[in-house]
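What follows is a single structure, written as structure tokens, with notes after it.
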Amino acid sequence: QKMAPIATSREEFDEIPTVVGIFSAFGLVFTVSLFAWICCQRKSSKSNKTPPYKFVHVLKGVDIYPENLSSKKKFGADDKNEVKNKLAVPKNSLHLDLEKRDLNGNFPKTNLKGGSPPDLENVTPKLLSEGEKEGVSPDSLKSSTSLSSEEKQEKLGTLFFSLEYNFEKKTFVVNIKEARGLPAMDEQSMTSDPYIKMTILPEKKHKVKTRVLRKTLDPAFDETFTFYGIPYTQIQELALHFTILSFDRFSRDDIIGEVLIPLAGIELSDGKILMNREIIKRNVRKSSGRGELLISLCYQSTTNTLTVVVLKARHLPKSDVSGLSDPYVKVNLYHAKKRISKKKTHVKKCTPNAVFNELFVFDIPCEGLEEISVEFLVLDSERGSRNEVIGRLVLEAAAEGTGGEHWKEICDYPRRQIAKWHMLCDG
């Protein structure tokens, strides 16, 4: 009588693992399915979200980013119908006939002898109205108004471009169309290899550039840059800075000139605006000097090493009208006037008074410092182009002023870290 319940309980105990296994399998399948569904939802939400402050680069009417805009109106399309409907410009005033271009994408020079078409000048808005003059600085007015007598003698050409704001996508569109009458920067071939860099001021966060067109003084770029995430209310506070350069394969690129366009007073609510501006000489704002650099040196005679600490820089001049520099320091070690080692600091963004605090140790290949010299180059970091030298400093036995005094002290007092401020000279 007592054995029957025991057998029944054993059967029920054997069924429990089977039930637990079934429930575990269903739970695992449900968990994997839920995880996959969450991943798909996150991926779809990220693809639909427009990244802020990104730009679309349209080259000759081909939209390369983002792909979901390809089905809609493209920013680099033919301007003929838009100009006719919105601005009532004659057909031949600004239409770019792509079939008549050469291999570089340029127009025949026979169409450019007459200078800027009068119809295009009539389309250009009056930027220097009474309301705009109050919000624009004197330096901005100087670069955007008529040229001085010296600048008129040396004409640097004309830049043609257009501005537009797309309210539906909240995008700011800049189309760099062409430049005419550029000077020849290559004395041998009497031509140039021009390209254009554009920066949105005052933040300098958005820096773009066109492609290089070879051997031409009348380049037709026709490149469109579209910036996302810029609200229309902020447009009035911005300014466009164009730098026209000529590419040089073997040295620093030649700067032809610049154009500064304050956007205060420009009304973009009516559609695309066609503009042209004379290219002027680069307005380098020179301060009382090139700035100062605080350097600490220590010569270890036992290990035959030289410790260089780049501490600070102060009173660095503004590189150009685009605002403050992005400085960094390049350190070169020379032995018998031959460079044997080089180092560089990190870049400090938008500051005339940079703090580096970076230490470098150089091995000296000879005894003593008689044939050793250290060169410091303070440069302005420019993305996508060769960096401009802000100032230069050389420390050696033959150096004059504070450079020679500093060098003599580290030779007289080895194993002692000695710091001094030095004035920078032109690079």
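How things are named: the first chain in the structure tokens is A, the next is B, and so on; residues count from 1 in each chain; ligands count from 1 in the order shown.
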
Can you list, as a VMD selection string, every protein, DNA or RNA residue that comes within 9 Å of segment 296-312 of chain A when you count only C-alpha atoms, leaving out same-chain residues fewer than 4 positions away?
chain A and resid 292 329 331 345 353 to 369 406 to 407 410 to 411 413 to 421

Could you list, as a tab-separated table (two decimals) with all heavy atoms, in the first residue's frame, every residue within 12 Å of Ala184 of chain A, counting only C-alpha atoms and ignoring same-chain residues fewer than 6 positions away?
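Okay, selection_33.tsv is ready:
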chain	number	residue	atom	x	y	z
A	154	GLU	N	46.57	96.27	-59.87
A	154	GLU	CA	46.86	94.85	-59.97
A	154	GLU	C	45.57	94.08	-59.74
A	154	GLU	O	45.22	93.72	-58.63
A	154	GLU	CB	47.91	94.45	-58.93
A	154	GLU	CG	48.34	93.01	-59.05
A	154	GLU	CD	49.34	92.63	-57.99
A	154	GLU	OE1	49.70	93.51	-57.19
A	154	GLU	OE2	49.74	91.46	-57.96
A	155	LYS	N	44.85	93.81	-60.81
A	155	LYS	CA	43.58	93.09	-60.71
A	155	LYS	C	43.85	91.60	-60.55
A	155	LYS	O	44.68	91.02	-61.24
A	155	LYS	CB	42.72	93.35	-61.95
A	155	LYS	CG	42.24	94.79	-62.04
A	155	LYS	CD	41.28	94.96	-63.20
A	155	LYS	CE	40.73	96.40	-63.25
A	155	LYS	NZ	39.77	96.59	-64.35
A	156	LEU	N	43.14	91.01	-59.61
A	156	LEU	CA	43.33	89.59	-59.31
A	156	LEU	C	42.19	88.72	-59.81
A	156	LEU	O	42.16	87.53	-59.51
A	156	LEU	CB	43.49	89.42	-57.79
A	156	LEU	CG	44.65	90.19	-57.16
A	156	LEU	CD1	44.67	89.98	-55.65
A	156	LEU	CD2	45.97	89.78	-57.78
A	157	GLY	N	41.25	89.29	-60.54
A	157	GLY	CA	40.17	88.51	-61.11
A	157	GLY	C	38.85	88.69	-60.36
A	157	GLY	O	38.74	89.46	-59.41
A	190	MET	N	53.32	80.86	-67.48
A	190	MET	CA	52.41	82.00	-67.49
A	190	MET	C	50.95	81.58	-67.30
A	190	MET	O	50.05	82.05	-67.99
A	190	MET	CB	52.58	82.81	-68.78
A	190	MET	CG	53.94	83.48	-68.90
A	190	MET	SD	54.33	84.54	-67.48
A	190	MET	CE	53.05	85.78	-67.61
A	191	THR	N	50.75	80.67	-66.36
A	191	THR	CA	49.39	80.22	-66.05
A	191	THR	C	49.34	79.85	-64.57
A	191	THR	O	50.31	80.05	-63.84
A	191	THR	CB	49.00	79.01	-66.93
A	191	THR	OG1	47.64	78.67	-66.67
A	191	THR	CG2	49.89	77.82	-66.65
A	192	SER	N	48.22	79.31	-64.13
A	192	SER	CA	48.04	78.91	-62.74
A	192	SER	C	47.30	77.60	-62.67
A	192	SER	O	46.68	77.16	-63.65
A	192	SER	CB	47.28	79.99	-61.95
A	192	SER	OG	47.98	81.21	-61.92
A	193	ASP	N	47.36	76.95	-61.50
A	193	ASP	CA	46.59	75.74	-61.21
A	193	ASP	C	45.65	76.08	-60.04
A	193	ASP	O	45.88	75.67	-58.90
A	193	ASP	CB	47.51	74.58	-60.84
A	193	ASP	CG	48.45	74.20	-61.97
A	193	ASP	OD1	48.04	74.35	-63.13
A	193	ASP	OD2	49.58	73.77	-61.69
A	194	PRO	N	44.57	76.80	-60.30
A	194	PRO	CA	43.78	77.37	-59.20
A	194	PRO	C	42.84	76.37	-58.54
A	194	PRO	O	42.38	75.40	-59.15
A	194	PRO	CB	42.99	78.49	-59.89
A	194	PRO	CG	42.84	78.01	-61.30
A	194	PRO	CD	44.09	77.24	-61.61
A	214	ARG	N	43.91	72.52	-63.78
A	214	ARG	CA	45.27	72.71	-64.26
A	214	ARG	C	45.34	73.74	-65.38
A	214	ARG	O	44.49	73.78	-66.27
A	214	ARG	CB	45.83	71.37	-64.77
A	214	ARG	CG	45.83	70.26	-63.72
A	214	ARG	CD	46.88	70.49	-62.67
A	214	ARG	NE	46.94	69.39	-61.71
A	214	ARG	CZ	47.78	69.32	-60.70
A	214	ARG	NH1	48.64	70.30	-60.51
A	214	ARG	NH2	47.76	68.30	-59.87
A	215	LYS	N	46.38	74.57	-65.29
A	215	LYS	CA	46.80	75.46	-66.38
A	215	LYS	C	45.63	76.28	-66.94
A	215	LYS	O	45.27	76.16	-68.12
A	215	LYS	CB	47.48	74.65	-67.49
A	215	LYS	CG	48.74	73.93	-67.04
A	215	LYS	CD	49.42	73.23	-68.21
A	215	LYS	CE	50.62	72.43	-67.73
A	215	LYS	NZ	51.63	73.26	-67.05
A	216	THR	N	45.04	77.11	-66.11
A	216	THR	CA	43.95	77.97	-66.57
A	216	THR	C	43.89	79.21	-65.69
A	216	THR	O	44.19	79.16	-64.50
A	216	THR	CB	42.60	77.23	-66.52
A	216	THR	OG1	41.56	78.13	-66.87
A	216	THR	CG2	42.32	76.68	-65.13
A	217	LEU	N	43.51	80.32	-66.31
A	217	LEU	CA	43.30	81.57	-65.59
A	217	LEU	C	41.82	81.90	-65.46
A	217	LEU	O	41.46	82.91	-64.86
A	217	LEU	CB	44.03	82.72	-66.30
A	217	LEU	CG	45.55	82.55	-66.46
A	217	LEU	CD1	46.15	83.76	-67.17
A	217	LEU	CD2	46.21	82.33	-65.12
A	218	ASP	N	40.97	81.05	-66.06
A	218	ASP	CA	39.52	81.24	-66.00
A	218	ASP	C	38.86	79.91	-65.61
A	218	ASP	O	38.14	79.30	-66.41
A	218	ASP	CB	38.98	81.73	-67.34
A	218	ASP	CG	39.64	83.02	-67.79
A	218	ASP	OD1	39.52	84.02	-67.07
A	218	ASP	OD2	40.32	83.01	-68.84
A	245	LEU	N	43.69	80.04	-54.38
A	245	LEU	CA	45.07	79.62	-54.36
A	245	LEU	C	45.47	78.97	-55.67
A	245	LEU	O	44.60	78.55	-56.46
A	245	LEU	CB	45.34	78.64	-53.21
A	245	LEU	CG	44.98	79.09	-51.80
A	245	LEU	CD1	43.63	78.51	-51.39
A	245	LEU	CD2	46.03	78.67	-50.80
A	246	SER	N	46.78	78.86	-55.88
A	246	SER	CA	47.33	78.14	-57.03
A	246	SER	C	48.19	77.01	-56.51
A	246	SER	O	49.11	77.23	-55.72
A	246	SER	CB	48.15	79.08	-57.92
A	246	SER	OG	48.72	78.36	-59.01
A	247	PHE	N	47.88	75.80	-56.92
A	247	PHE	CA	48.58	74.62	-56.43
A	247	PHE	C	50.02	74.60	-56.93
A	247	PHE	O	50.31	74.89	-58.10
A	247	PHE	CB	47.86	73.35	-56.90
A	247	PHE	CG	48.57	72.07	-56.53
A	247	PHE	CD1	48.50	71.59	-55.24
A	247	PHE	CD2	49.29	71.37	-57.48
A	247	PHE	CE1	49.16	70.42	-54.89
A	247	PHE	CE2	49.94	70.20	-57.14
A	247	PHE	CZ	49.87	69.72	-55.84
A	254	ASP	N	50.62	78.95	-53.71
A	254	ASP	CA	50.59	80.41	-53.82
A	254	ASP	C	49.18	80.92	-53.55
A	254	ASP	O	48.20	80.41	-54.09
A	254	ASP	CB	51.04	80.85	-55.21
A	254	ASP	CG	52.46	80.39	-55.53
A	254	ASP	OD1	53.32	80.53	-54.65
A	254	ASP	OD2	52.70	79.89	-56.65
A	255	ILE	N	49.09	81.96	-52.72
A	255	ILE	CA	47.80	82.58	-52.42
A	255	ILE	C	47.56	83.70	-53.42
A	255	ILE	O	48.32	84.68	-53.48
A	255	ILE	CB	47.78	83.12	-50.99
A	255	ILE	CG1	47.96	81.98	-50.00
A	255	ILE	CG2	46.47	83.86	-50.72
A	255	ILE	CD1	48.02	82.42	-48.56
A	256	ILE	N	46.52	83.57	-54.23
A	256	ILE	CA	46.19	84.59	-55.23
A	256	ILE	C	45.46	85.76	-54.57
A	256	ILE	O	45.78	86.92	-54.78
A	256	ILE	CB	45.34	83.97	-56.35
A	256	ILE	CG1	46.15	82.87	-57.08
A	256	ILE	CG2	44.89	85.05	-57.34
A	256	ILE	CD1	45.36	82.14	-58.14

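Note that the spacing between atom CA of Ala336 of chain A and atom CA of Ala399 of chain A amounts to 14.5 Å.
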
Atom CA of Ser325 of chain A and atom CA of Ile235 of chain A, how far apart in Å?
23.2 Å

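Residues lying within 8 Å of Lys207 of chain A, counting only C-alpha atoms and ignoring same-chain neighbours fewer than 3 positions away, are Lys197, Met198, Thr199, Ile200, Lys204 and Arg383 of chain A.
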
Mind checking which residues fall within 7 Å of Pro327 of chain A, counting only C-alpha atoms, ignoring those fewer than 5 positions away in the same chain, and posting them as a PyMOL selection string?
chain A and resi 347-349+378-381

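Of the residues listed (A:Asp270, A:Glu258, A:Glu187, A:Asp253), A:Asp270 shows the shortest atom-to-atom separation from Tyr165 of chain A; distances use only C-alpha atoms.
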